[in-house]
2 protein chains.
Amino acid sequence: MEHNLRHADSVVRNVNVYNSYFRRFDPADVYIKDGRFLYIDKKRCGEVTAKEEIDGKGRYMIPGLIDIHMHIESSLVTPEAFCAYTARNGLTTIVSEPHEIANVCGRQGVKAMIESGKKSPYDCYYAIPSNVPIQGREFETSGGTISFEDMKELKDEEGIICLGEVMNYREVIGDDRSEVGKFIDYIREKEPSYPLEGHCPELKDADLAAFAYRGILSDHCTHDLEELKQRFECGIFVQLQDVMVTKESIDFICENGLYEYFSFVTDDTFPDILLKKGHLDAVVRKAIGFGMKAEDAIYSATYTPARRMNLLDRGAIDPGKLADFVLLDDLETLHITDTYKKGNCIYSSGKPEEEREEYTLDHRFEDTVHSRIFSEDDFRITVAGKDRDVNVRVMKLYSDNNRSDEVFVRMKVKDNRLQWKQSGCQLVTVIERHGRDNRIAYGFACGPTIKEGACASSYSHDSHDLIVMGNDEEDMAVAINRVIELEGGITAAKDGKISAEIALPIAGLLSKKPVTKTAEEFVKVREAFTAQGYVHFNNIMNFCLMSLTCIPTLKLTDRGYLNTKTFELLDLCEEIES
Amino acid sequence: MEHNLRHADSVVRNVNVYNSYFRRFDPADVYIKDGRFLYIDKKRCGEVTAKEEIDGKGRYMIPGLIDIHMHIESSLVTPEAFCAYTARNGLTTIVSEPHEIANVCGRQGVKAMIESGKKSPYDCYYAIPSNVPIQGREFETSGGTISFEDMKELKDEEGIICLGEVMNYREVIGDDRSEVGKFIDYIREKEPSYPLEGHCPELKDADLAAFAYRGILSDHCTHDLEELKQRFECGIFVQLQDVMVTKESIDFICENGLYEYFSFVTDDTFPDILLKKGHLDAVVRKAIGFGMKAEDAIYSATYTPARRMNLLDRGAIDPGKLADFVLLDDLETLHITDTYKKGNCIYSSGKPEEEREEYTLDHRFEDTVHSRIFSEDDFRITVAGKDRDVNVRVMKLYSDNNRSDEVFVRMKVKDNRLQWKQSGCQLVTVIERHGRDNRIAYGFACGPTIKEGACASSYSHDSHDLIVMGNDEEDMAVAINRVIELEGGITAAKDGKISAEIALPIAGLLSKKPVTKTAEEFVKVREAFTAQGYVHFNNIMNFCLMSLTCIPTLKLTDRGYLNTKTFELLDLCEEIES
């Protein structure tokens with residue numbers, strides 16, 4: 001290796017450089033050699049020379065942003081498309097947890113995501129999906145599974161650097177026989193410093209300690225202040241996503257100087273939010289808005305996430321670290337003008353932006369919606385026996401969060417049919433789509449649901465079976481049949497016609513289009529949902545989470561209703577005792 | 001694995017527990033299971049039970065101390081003996097760099113140290129010796145060498161966790177062809193987060209940046225404040241040894257809140273210092289004495305060193321971390337009453353202390369002083385030619401540090417003999433002892449040297465050839481012959497007799513005795529040195545460093561005088577031009 005360490009490839013002159021250890025900016029020239037920072041020259045007396053000069057125009061230079069907890073699939077595009085777009089958000093390293101695609105395509109799906117990520121302009125790392133299917137196979141049907149052996153194999157894949165969020169948090173602190181439980185014991189013995197990522201809403205005190213005792217040392221869930229405090233006290237690395245960036249949490253972190261022990265993350269970012277608000281940069285901006293000093297906020301989006309992931313070759317502008325950096329022309333608004341990866345410009349606000357027409361993953365995964373076509377009849381519910389009233393189990397939704405609780409609504413049975421149309425509830429149907437048995441489960445929802453027509457999706461957490469909701473059998477059939485015809489997607493239907501749609505032909509989860517086009521289509525679907533009465537802060541998300549079995553309390557899978565606290569499968573109707 | 005996480009093996013009740021993240025103490029009961037902390041119970045409402053109870057008596061509970069830069073050999077005992085003794089100093093993990101033994105016994109010596117460390121009551125990890133011999137083979141003769149291939153092999157040894165201090169700091173920032181340079185390039189490619197430890201006195205600005213650019217990201221040398229500041233700015237992890245714990249450096253660290261980026265270390269601790277002052281605990285105590293809050297000082301002797309070494313399973317009292325802890329009955333004086341490793345008591349001030357009579361390493365290393373016996377004649381220096389005066393090159397020593405600078409002293413040549421006895425200088429002789437050629441090199445020293453009789457040692461950094469100094473040929477022969485007879489050791493002689501001695505039969509470096517006995521003998525040698533006029537803050541150390549070629553400026557090896565800045569071998573005498 002050539003080691004003339006007095007001669008650089010390039011120099012960025014005239015910048016205010018962020019120093020991570022003193023958390024301050026210093027005017028300097030920054031020399032880069034072989035994709036790494038060589039020298040932060042504050043004295044400017046010509047000790048080092050460079051082949052190429054870049055004018056920094058007095059801008060702020062900060063390390064490239066690092067997001068260590070996120071799911072690319074939430075943006076409904078391929079990793080390649082996602083990364084190509086988000087260079088503008090200052091990202092230079094991400095760690096994505098691909099459990100959505102793993103639920104459809106298993107280990108091979110994860111490998112396809114890795115391959116796509118390799119075509120990224122920046123480092124796209126992955127976590128091993130830890131809970132696929134999210135709960136036991138008796139509770140829902142996924143297309144793929146990730147076993148203990150799969151986890152061991154994935155661990156050795158290049159680009160995989162941690163175990164993804166362990167979501168069966170009640171199981172791992174109890175009599176744990178889960179696949180991920182086996183992997184945790186295995187990896188802690190073998191590599192005690194391997195990062196094990198967590199997901200543990202609610203847990204406190206001895207339960208939370210038990211979770212940490214298993215070595216799972218991060219959490220990105222929504223918490224009250226006491227829960228947040230307990231995580232810091234336990235040595236659990238806090239990953240603060242957008243909804244957790246509140247005045248209260250930011251004040252708590254600043255007052256206690258906890259900058260070392262948390263990072264900002266995004267978790268799930270739908271494509272329209274990505275376009276409108278941004279990505280990790282938006283979360284950092286929000287924290288600054290709540291009074292965190294920009295110098296402190298930057299630290300927890302660069303230095304601390306790198307360290308949490310043992311990526312000690314980045315996250316600061318130091319000699320020897322990867323020359324991943326961002327130029328800002330304003331500190332408070334964090335306005336990004338340029339992004340560099342290993343010394344190469346991967347985004348510049350001055351250059352025209354190009355997006356490819358089409359992005360693909362492995363073509364095998366473009367045929368994953370295995371289902372017959374549905375008719376109105378499929379949405380008529382047979383209840384045997386004499387005409388009578390029954391108590392029907394219903395998921396009560398809320399407009400400001402994604403939980404759903406159990407309530408009972410009295411409905412009539414007439415001629416062996418449940419008379420639900422006048423109940424004010426919407427029918428929800430989940431249909432197995434991974435080529436097993438096309439099993440159909442029925443449930444109902446009330447609250448801020450769609451009110452007119454129907455909506456349907458092949459993107460429905462975490463097993464991604466088909467889901468359709470509505471109050472009109474014809475619209476329900478139209479909506480779901482179009483999803484099937486598209487080989488995956490999200491649709492809305494009204495008056496017997498599709499009112500909006502987005503095709504998600506890759507695994508029934510991802511669009512082949514670039515971010516901007518995907519976002520355009522997605523917004524139309526979101527607007528149709530809203531126009532048809534689905535009033536929720538994130539209506540599509542809310543719809544896609546009606547089958548997610550790690551959120552309280554009553555959820556619907558292709559196996560039927562599941563109480564997600566007790567893990568009991570529950571009947572649709574209960575007889576009324578006379 | 002059994003996972004009843006509500007039932008512990010033991011509980012330490014009634015302690016004030018250190019929380020690393022808030023850097024404060026909380027009253028709590030601490031539950032331990034399978035050698036790890038299970039729950040820090042501040043609520044004490046009986047959520048968790050335990051088989052065994054330990055009364056903490058209201059003491060302070062802090063994580064076990066972690067020393068990540070030290071050389072066991074400096075304490076002149078085996079790793080097993082060292083660790084058995086230093087449990088009382090609160091140590092529960094050390095990372096030792098065994099380059100002394102490597103210079104005598106090569107890779108096999110390192111492996112023997114690892115084996116001995118495995119018999120320790122706590123975790124005794126090692127660094128790969130990086131510069132053996134310290135400079136090129138043309139400058140000195142060591143017994144062992146560590147090549148690039150050796151480093152690769154040692155890297156995979158269990159218990160080796162980092163690359164030890166890279167001392168050829170001028171070479172690695174220049175046209176580097178060293179063995180360690182090859183290893184650095186190799187390991188950064190393969191494992192970018194593997195810790196590479198450094199030693200870089202003097203380096204600043206672009207030179208320091210070049211050192212960091214190579215990925216060598218720690219330093220434990222002595223520095224002024226500007227040099228210290230530059231290390232922090234560069235992302236170089238600072239290892240603060242005793243001499244660097246000054247009011248000035250402690251104030252600087254506290255004012256800038258740099259607790260994350262440094263740790264306390266000991267580097268070299270002679271056995272008498274160990275007995276009298278302590279070990280890492282003494283360094284922490286000193287920092288507290290200079291005004292660092294105990295809560296902050298503890299952090300940098302537990303949490304930050306663990307992280308620097310990627311030992312993420314320890315360094316804090318958290319659920320899931322190794323139950324390594326220390327009980328203190330006073331915070332300011334850091335008075336240690338008990339030390340626990342993985343939940344087991346390894347030291348208690350209440351229990352009688354036992355030391356074994358003898359500790360051994362691999363017996364192969366008890367025959368490493370290969371030398372003939374010397375006579376007075378060997379210390380008479382022949383200079384050919386007519387009778388005349390010559391300018392003799394002399395190492396000028398200082399009483400407050402270990403450097404030695406070049407001066408010239410005029411001496412007579414008569415009958416082909418150098419007439420040095422009246423010069424006021426002491427003769428210094430370095431003799432190859434590793435079975436090559438018994439080559440003898442002569443030099444002189446002036447300043448605070450031994451003034452009467454002679455002293456000799458087989459422990460002489462870094463190649464550990466034989467060294468003898470004195471102004472009487474007979475005493476010099478007596479002193480060195482006794483070292484040879486002992487198969488290694490340090491001796492003083494006067495009036496034709498040995499005045500004090502310590503046997504170091506293992507590799508000519510280590511005693512077979514426990515720490516207390518070794519210290520007793522060592523003190524007698526130190527006192528004899530002093531009584532014979534060697535007045536220096538650490539006279540034995542100063543003597544053993546006269547051959548250390550990484551300290552400025554003029555040093556003596558078996559190859560003769562070496563200028564350690566220019567790496568020129570220099571003659572003993574220069575002719576005076578007439």
# chains A, B, ... in the order shown; residues from 1 in each chain; ligands from 1
>>> closest_atom_pairs(of="chain A", to="chain B", cutoff="6 Å", atoms="only C-alpha atoms", output="tab-separated table")
residue	atom	partner	partner_atom	distance
A:Leu5	CA	B:Ala210	CA	5.9
A:Leu38	CA	B:Tyr213	CA	5.9
A:Tyr39	CA	B:Ala209	CA	5.6
A:Ser193	CA	B:Leu312	CA	5.3
A:Ala209	CA	B:Pro319	CA	5.5
A:Ala210	CA	B:Leu5	CA	5.9
A:Ala212	CA	B:Pro319	CA	5.6
A:Tyr213	CA	B:Gly320	CA	3.6
A:Gly215	CA	B:Gly320	CA	5.6
A:Cys234	CA	B:Asp318	CA	5.5
A:Leu312	CA	B:Ser193	CA	5.3
A:Asp318	CA	B:Cys234	CA	5.5
A:Pro319	CA	B:Tyr213	CA	4.7
A:Gly320	CA	B:Tyr213	CA	3.6
>>> select_by_dssp(residues="region 407-463 of chain B", states="strand (DSSP E)", output="CSV table (one decimal) with all heavy atoms, in the first residue's frame")
chain,number,residue,atom,x,y,z
B,407,VAL,N,26.3,13.6,24.6
B,407,VAL,CA,27.4,14.6,24.9
B,407,VAL,C,28.7,14.0,24.6
B,407,VAL,O,28.8,12.7,24.4
B,407,VAL,CB,27.3,15.1,26.4
B,407,VAL,CG1,26.1,15.9,26.6
B,407,VAL,CG2,27.5,13.9,27.3
B,408,PHE,N,29.8,14.8,24.5
B,408,PHE,CA,31.1,14.2,24.3
B,408,PHE,C,32.0,14.6,25.4
B,408,PHE,O,32.0,15.7,26.0
B,408,PHE,CB,31.7,14.8,23.0
B,408,PHE,CG,31.1,14.2,21.7
B,408,PHE,CD1,30.0,14.7,21.1
B,408,PHE,CD2,31.6,13.0,21.2
B,408,PHE,CE1,29.4,14.1,20.0
B,408,PHE,CE2,31.0,12.4,20.1
B,408,PHE,CZ,29.9,13.0,19.5
B,409,VAL,N,32.8,13.6,25.8
B,409,VAL,CA,33.8,13.8,26.9
B,409,VAL,C,35.2,13.4,26.4
B,409,VAL,O,35.3,12.3,25.8
B,409,VAL,CB,33.4,12.9,28.2
B,409,VAL,CG1,34.5,13.0,29.3
B,409,VAL,CG2,32.0,13.4,28.7
B,410,ARG,N,36.1,14.2,26.7
B,410,ARG,CA,37.5,13.9,26.2
B,410,ARG,C,38.2,12.9,27.2
B,410,ARG,O,38.2,13.1,28.4
B,410,ARG,CB,38.3,15.3,26.2
B,410,ARG,CG,39.6,15.3,25.5
B,410,ARG,CD,40.0,16.7,25.4
B,410,ARG,NE,41.3,16.8,24.7
B,410,ARG,CZ,41.6,17.6,23.7
B,410,ARG,NH1,40.7,18.4,23.2
B,410,ARG,NH2,42.8,17.6,23.1
B,411,MET,N,38.7,11.8,26.6
B,411,MET,CA,39.5,10.8,27.4
B,411,MET,C,40.8,10.5,26.8
B,411,MET,O,41.0,10.7,25.6
B,411,MET,CB,38.6,9.6,27.6
B,411,MET,CG,37.3,9.8,28.3
B,411,MET,SD,36.5,8.2,28.5
B,411,MET,CE,34.8,8.7,28.9
B,412,LYS,N,41.7,10.0,27.6
B,412,LYS,CA,43.0,9.6,27.1
B,412,LYS,C,43.0,8.2,26.6
B,412,LYS,O,42.3,7.3,27.1
B,412,LYS,CB,44.1,9.7,28.2
B,412,LYS,CG,44.5,11.2,28.5
B,412,LYS,CD,45.7,11.2,29.3
B,412,LYS,CE,46.1,12.6,29.7
B,412,LYS,NZ,46.0,13.6,28.6
B,413,VAL,N,43.9,8.0,25.5
B,413,VAL,CA,44.2,6.6,25.1
B,413,VAL,C,45.7,6.4,25.4
B,413,VAL,O,46.5,7.2,25.1
B,413,VAL,CB,44.0,6.4,23.6
B,413,VAL,CG1,44.4,5.0,23.1
B,413,VAL,CG2,42.5,6.6,23.2
B,414,LYS,N,45.9,5.3,26.1
B,414,LYS,CA,47.3,5.0,26.5
B,414,LYS,C,47.6,3.5,26.4
B,414,LYS,O,46.8,2.7,26.9
B,414,LYS,CB,47.5,5.5,28.0
B,414,LYS,CG,49.0,5.6,28.3
B,414,LYS,CD,49.2,6.1,29.8
B,414,LYS,CE,50.6,5.9,30.2
B,414,LYS,NZ,50.7,6.1,31.7
B,417,ARG,N,44.7,1.5,25.4
B,417,ARG,CA,43.6,1.3,26.3
B,417,ARG,C,42.9,2.7,26.5
B,417,ARG,O,43.6,3.7,26.6
B,417,ARG,CB,44.0,0.8,27.7
B,417,ARG,CG,44.5,-0.6,27.7
B,417,ARG,CD,43.2,-1.5,27.9
B,417,ARG,NE,43.6,-2.9,27.5
B,417,ARG,CZ,43.6,-3.9,28.3
B,417,ARG,NH1,43.2,-3.7,29.5
B,417,ARG,NH2,43.9,-5.1,27.9
B,418,LEU,N,41.6,2.7,26.6
B,418,LEU,CA,40.9,4.0,26.9
B,418,LEU,C,40.9,4.2,28.4
B,418,LEU,O,40.6,3.3,29.1
B,418,LEU,CB,39.4,3.9,26.4
B,418,LEU,CG,38.6,5.1,26.4
B,418,LEU,CD1,39.1,6.2,25.4
B,418,LEU,CD2,37.1,4.8,26.1
B,419,GLN,N,41.4,5.3,28.8
B,419,GLN,CA,41.5,5.7,30.2
B,419,GLN,C,40.3,6.4,30.7
B,419,GLN,O,40.2,7.6,30.7
B,419,GLN,CB,42.8,6.6,30.4
B,419,GLN,CG,44.0,6.0,29.8
B,419,GLN,CD,44.5,4.7,30.5
B,419,GLN,OE1,44.6,4.6,31.7
B,419,GLN,NE2,44.7,3.6,29.7
B,426,GLN,N,30.4,6.7,33.8
B,426,GLN,CA,30.3,5.2,34.1
B,426,GLN,C,30.3,4.5,32.8
B,426,GLN,O,29.7,4.8,31.8
B,426,GLN,CB,29.0,4.9,34.9
B,426,GLN,CG,28.7,5.9,36.0
B,426,GLN,CD,29.8,5.8,37.1
B,426,GLN,OE1,30.1,4.7,37.5
B,426,GLN,NE2,30.3,6.9,37.6
B,427,LEU,N,31.0,3.3,32.9
B,427,LEU,CA,31.0,2.4,31.7
B,427,LEU,C,29.6,1.7,31.7
B,427,LEU,O,29.2,1.2,32.7
B,427,LEU,CB,32.1,1.4,31.8
B,427,LEU,CG,32.2,0.4,30.7
B,427,LEU,CD1,32.4,1.0,29.3
B,427,LEU,CD2,33.3,-0.6,31.0
B,428,VAL,N,29.1,1.6,30.5
B,428,VAL,CA,27.8,0.9,30.3
B,428,VAL,C,28.1,-0.2,29.2
B,428,VAL,O,28.7,0.2,28.2
B,428,VAL,CB,26.6,1.8,29.8
B,428,VAL,CG1,25.3,1.0,29.8
B,428,VAL,CG2,26.5,3.0,30.7
B,429,THR,N,27.7,-1.4,29.5
B,429,THR,CA,28.0,-2.5,28.5
B,429,THR,C,26.7,-3.3,28.3
B,429,THR,O,26.0,-3.6,29.2
B,429,THR,CB,29.1,-3.4,29.1
B,429,THR,OG1,30.2,-2.6,29.5
B,429,THR,CG2,29.5,-4.5,28.1
B,430,VAL,N,26.4,-3.5,27.0
B,430,VAL,CA,25.3,-4.3,26.6
B,430,VAL,C,25.8,-5.5,25.9
B,430,VAL,O,26.6,-5.4,25.0
B,430,VAL,CB,24.3,-3.5,25.7
B,430,VAL,CG1,23.1,-4.4,25.3
B,430,VAL,CG2,23.7,-2.3,26.5
B,431,ILE,N,25.3,-6.7,26.4
B,431,ILE,CA,25.9,-8.0,25.9
B,431,ILE,C,24.7,-8.8,25.4
B,431,ILE,O,23.8,-9.1,26.1
B,431,ILE,CB,26.6,-8.7,27.1
B,431,ILE,CG1,27.6,-7.8,27.7
B,431,ILE,CG2,27.1,-10.1,26.6
B,431,ILE,CD1,27.9,-8.2,29.2
B,440,ILE,N,29.5,-7.7,22.4
B,440,ILE,CA,29.5,-6.8,23.5
B,440,ILE,C,29.6,-5.4,22.9
B,440,ILE,O,30.4,-5.1,22.0
B,440,ILE,CB,30.7,-7.0,24.4
B,440,ILE,CG1,30.7,-8.4,25.0
B,440,ILE,CG2,30.8,-5.9,25.6
B,440,ILE,CD1,31.9,-8.7,25.9
B,441,ALA,N,28.8,-4.4,23.4
B,441,ALA,CA,28.9,-3.1,23.0
B,441,ALA,C,29.2,-2.2,24.2
B,441,ALA,O,28.7,-2.5,25.3
B,441,ALA,CB,27.6,-2.6,22.3
B,442,TYR,N,30.0,-1.2,24.0
B,442,TYR,CA,30.4,-0.3,25.1
B,442,TYR,C,29.9,1.1,24.9
B,442,TYR,O,29.9,1.6,23.8
B,442,TYR,CB,31.9,-0.3,25.2
B,442,TYR,CG,32.6,-1.6,25.5
B,442,TYR,CD1,33.1,-2.4,24.4
B,442,TYR,CD2,32.6,-2.1,26.8
B,442,TYR,CE1,33.7,-3.6,24.7
B,442,TYR,CE2,33.2,-3.4,27.0
B,442,TYR,CZ,33.7,-4.1,26.0
B,442,TYR,OH,34.3,-5.3,26.3
B,443,GLY,N,29.5,1.7,26.0
B,443,GLY,CA,29.2,3.1,26.0
B,443,GLY,C,29.4,3.7,27.3
B,443,GLY,O,30.0,3.0,28.2
B,444,PHE,N,29.1,5.0,27.5
B,444,PHE,CA,29.3,5.6,28.8
B,444,PHE,C,28.0,6.4,29.1
B,444,PHE,O,27.3,6.8,28.3
B,444,PHE,CB,30.5,6.5,28.8
B,444,PHE,CG,31.8,5.8,28.7
B,444,PHE,CD1,32.4,5.5,27.5
B,444,PHE,CD2,32.4,5.3,29.9
B,444,PHE,CE1,33.6,4.8,27.5
B,444,PHE,CE2,33.5,4.6,29.9
B,444,PHE,CZ,34.2,4.3,28.7
B,445,ALA,N,27.9,6.6,30.5
B,445,ALA,CA,26.8,7.5,30.9
B,445,ALA,C,27.3,8.5,31.9
B,445,ALA,O,28.2,8.2,32.7
B,445,ALA,CB,25.7,6.6,31.6
B,446,CYS,N,26.7,9.6,31.9
B,446,CYS,CA,27.0,10.6,33.0
B,446,CYS,C,25.7,11.2,33.5
B,446,CYS,O,24.6,11.0,32.9
B,446,CYS,CB,27.9,11.7,32.4
B,446,CYS,SG,27.1,12.8,31.2
B,454,ALA,N,28.8,-1.4,40.9
B,454,ALA,CA,28.2,-1.7,39.6
B,454,ALA,C,26.7,-2.2,39.8
B,454,ALA,O,26.4,-2.6,40.8
B,454,ALA,CB,29.0,-2.7,38.8
B,455,CYS,N,26.0,-2.1,38.7
B,455,CYS,CA,24.7,-2.7,38.7
B,455,CYS,C,24.5,-3.5,37.3
B,455,CYS,O,25.1,-3.1,36.3
B,455,CYS,CB,23.5,-1.7,38.9
B,455,CYS,SG,23.6,-0.3,37.8
B,456,ALA,N,23.7,-4.5,37.3
B,456,ALA,CA,23.5,-5.3,36.1
B,456,ALA,C,22.1,-5.9,36.1
B,456,ALA,O,21.4,-6.0,37.1
B,456,ALA,CB,24.5,-6.5,36.1
B,457,SER,N,21.7,-6.2,34.8
B,457,SER,CA,20.3,-6.7,34.7
B,457,SER,C,20.1,-7.5,33.4
B,457,SER,O,20.8,-7.2,32.4
B,457,SER,CB,19.3,-5.5,34.6
B,457,SER,OG,18.0,-5.9,34.5
>>> calpha_fit_rmsd(fixed="chain A", moving="chain B")
0.1 Å
>>> atom_distance(atom1="CA of His7 (chain A)", atom2="CA of Thr49 (chain A)")
4.9 Å
>>> atom_distance(atom1="CA of Arg308 (chain B)", atom2="CA of Asp296 (chain A)")
21.7 Å
>>> residues_around(residues="Ser74 (chain A)", least_positions_apart="6", cutoff="6 Å", atoms="only C-alpha atoms", output="mmCIF file with all heavy atoms, in the first residue's frame")
data_model
loop_
_atom_site.group_PDB
_atom_site.id
_atom_site.type_symbol
_atom_site.label_atom_id
_atom_site.label_comp_id
_atom_site.auth_asym_id
_atom_site.auth_seq_id
_atom_site.Cartn_x
_atom_site.Cartn_y
_atom_site.Cartn_z
ATOM 1 N N ASP A 268 -40.244 3.392 10.159
ATOM 2 C CA ASP A 268 -41.032 3.266 8.924
ATOM 3 C C ASP A 268 -41.260 4.642 8.305
ATOM 4 O O ASP A 268 -41.758 5.540 8.972
ATOM 5 C CB ASP A 268 -42.403 2.653 9.250
ATOM 6 C CG ASP A 268 -42.264 1.237 9.793
ATOM 7 O OD1 ASP A 268 -41.823 0.362 9.034
ATOM 8 O OD2 ASP A 268 -42.592 1.025 10.974
ATOM 9 N N THR A 269 -40.932 4.784 7.036
ATOM 10 C CA THR A 269 -41.198 6.047 6.339
ATOM 11 C C THR A 269 -41.929 5.754 5.034
ATOM 12 O O THR A 269 -41.343 5.176 4.113
ATOM 13 C CB THR A 269 -39.889 6.797 6.013
ATOM 14 O OG1 THR A 269 -39.095 6.874 7.194
ATOM 15 C CG2 THR A 269 -40.172 8.192 5.502
ATOM 16 N N PHE A 270 -43.207 6.122 4.965
ATOM 17 C CA PHE A 270 -43.948 5.936 3.721
ATOM 18 C C PHE A 270 -43.430 6.909 2.664
ATOM 19 O O PHE A 270 -42.888 7.955 3.003
ATOM 20 C CB PHE A 270 -45.448 6.130 3.965
ATOM 21 C CG PHE A 270 -46.126 4.860 4.425
ATOM 22 C CD1 PHE A 270 -47.076 4.871 5.435
ATOM 23 C CD2 PHE A 270 -45.830 3.638 3.828
ATOM 24 C CE1 PHE A 270 -47.706 3.699 5.845
ATOM 25 C CE2 PHE A 270 -46.459 2.464 4.232
ATOM 26 C CZ PHE A 270 -47.398 2.498 5.242
#
>>> residues_around(residues="Met309 (chain A)", least_positions_apart="6", cutoff="8 Å", atoms="only C-alpha atoms", output="list in words")
Ile68, Ile161, Cys162 and Pro195 of chain A
>>> write_last_selection(atoms="all heavy atoms", output="short mmCIF file (atom, residue, chain, number, x, y, z; two decimals), in the first residue's frame")
data_model
loop_
_atom_site.label_atom_id
_atom_site.label_comp_id
_atom_site.auth_asym_id
_atom_site.auth_seq_id
_atom_site.Cartn_x
_atom_site.Cartn_y
_atom_site.Cartn_z
N ILE A 68 -29.84 3.53 11.93
CA ILE A 68 -29.60 2.12 12.26
C ILE A 68 -30.86 1.35 12.60
O ILE A 68 -30.80 0.17 12.89
CB ILE A 68 -28.57 1.96 13.40
CG1 ILE A 68 -29.06 2.63 14.69
CG2 ILE A 68 -27.22 2.49 12.98
CD1 ILE A 68 -28.21 2.29 15.90
N ILE A 161 -25.15 -7.05 9.75
CA ILE A 161 -24.29 -6.64 10.87
C ILE A 161 -24.95 -6.70 12.24
O ILE A 161 -24.32 -6.35 13.23
CB ILE A 161 -23.71 -5.23 10.64
CG1 ILE A 161 -24.81 -4.17 10.54
CG2 ILE A 161 -22.84 -5.20 9.40
CD1 ILE A 161 -24.26 -2.76 10.55
N CYS A 162 -26.20 -7.13 12.32
CA CYS A 162 -26.82 -7.24 13.65
C CYS A 162 -28.04 -8.15 13.56
O CYS A 162 -28.46 -8.53 12.47
CB CYS A 162 -27.24 -5.87 14.18
SG CYS A 162 -28.56 -5.08 13.23
N PRO A 195 -24.47 -6.89 18.00
CA PRO A 195 -25.65 -6.12 18.42
C PRO A 195 -26.95 -6.91 18.22
O PRO A 195 -27.22 -7.42 17.13
CB PRO A 195 -25.63 -4.89 17.49
CG PRO A 195 -24.28 -4.86 16.86
CD PRO A 195 -23.79 -6.28 16.83
#
>>> residues_around(residues="region 141-146 of chain B", least_positions_apart="6", cutoff="7 Å", atoms="only C-alpha atoms", output="ChimeraX atom specification")
/B:102-107,132-133,432,434,463-464,558
>>> write_last_selection(atoms="N, CA, C and O atoms", output="CSV table (one decimal), in the first residue's frame")
chain,number,residue,atom,x,y,z
B,102,ALA,N,8.0,-11.4,24.6
B,102,ALA,CA,8.1,-11.7,23.2
B,102,ALA,C,9.5,-11.4,22.7
B,102,ALA,O,10.0,-12.1,21.8
B,103,ASN,N,10.1,-10.4,23.2
B,103,ASN,CA,11.4,-10.1,22.8
B,103,ASN,C,12.5,-11.1,23.2
B,103,ASN,O,13.5,-11.2,22.6
B,104,VAL,N,12.1,-11.9,24.2
B,104,VAL,CA,13.0,-13.0,24.7
B,104,VAL,C,12.6,-14.3,24.0
B,104,VAL,O,13.4,-15.0,23.5
B,105,CYS,N,11.3,-14.6,24.1
B,105,CYS,CA,10.8,-16.0,23.7
B,105,CYS,C,9.9,-16.0,22.5
B,105,CYS,O,9.4,-17.1,22.2
B,106,GLY,N,9.7,-14.9,21.9
B,106,GLY,CA,8.9,-14.9,20.7
B,106,GLY,C,7.4,-15.2,20.9
B,106,GLY,O,6.9,-15.1,22.0
B,107,ARG,N,6.8,-15.8,19.9
B,107,ARG,CA,5.4,-16.1,19.9
B,107,ARG,C,5.0,-17.1,21.0
B,107,ARG,O,4.0,-17.0,21.6
B,132,VAL,N,8.5,-6.3,17.7
B,132,VAL,CA,9.4,-7.2,18.3
B,132,VAL,C,10.4,-7.7,17.2
B,132,VAL,O,9.9,-8.5,16.4
B,133,PRO,N,11.6,-7.3,17.2
B,133,PRO,CA,12.2,-6.3,18.0
B,133,PRO,C,11.7,-4.9,17.8
B,133,PRO,O,11.1,-4.7,16.7
B,432,GLU,N,24.8,-9.2,24.1
B,432,GLU,CA,23.8,-10.1,23.5
B,432,GLU,C,23.7,-11.4,24.4
B,432,GLU,O,24.7,-12.0,24.8
B,434,HIS,N,21.0,-13.9,23.8
B,434,HIS,CA,20.0,-14.8,23.3
B,434,HIS,C,20.6,-16.0,22.5
B,434,HIS,O,19.9,-16.6,21.7
B,463,SER,N,14.9,-5.3,24.0
B,463,SER,CA,15.4,-6.6,23.6
B,463,SER,C,15.9,-7.5,24.7
B,463,SER,O,16.1,-8.7,24.6
B,464,HIS,N,16.0,-6.9,25.9
B,464,HIS,CA,16.4,-7.6,27.1
B,464,HIS,C,17.7,-8.4,26.9
B,464,HIS,O,17.8,-9.6,27.3
B,558,ASP,N,23.2,-3.9,21.9
B,558,ASP,CA,24.4,-4.8,21.7
B,558,ASP,C,25.1,-4.5,20.4
B,558,ASP,O,26.2,-5.0,20.2
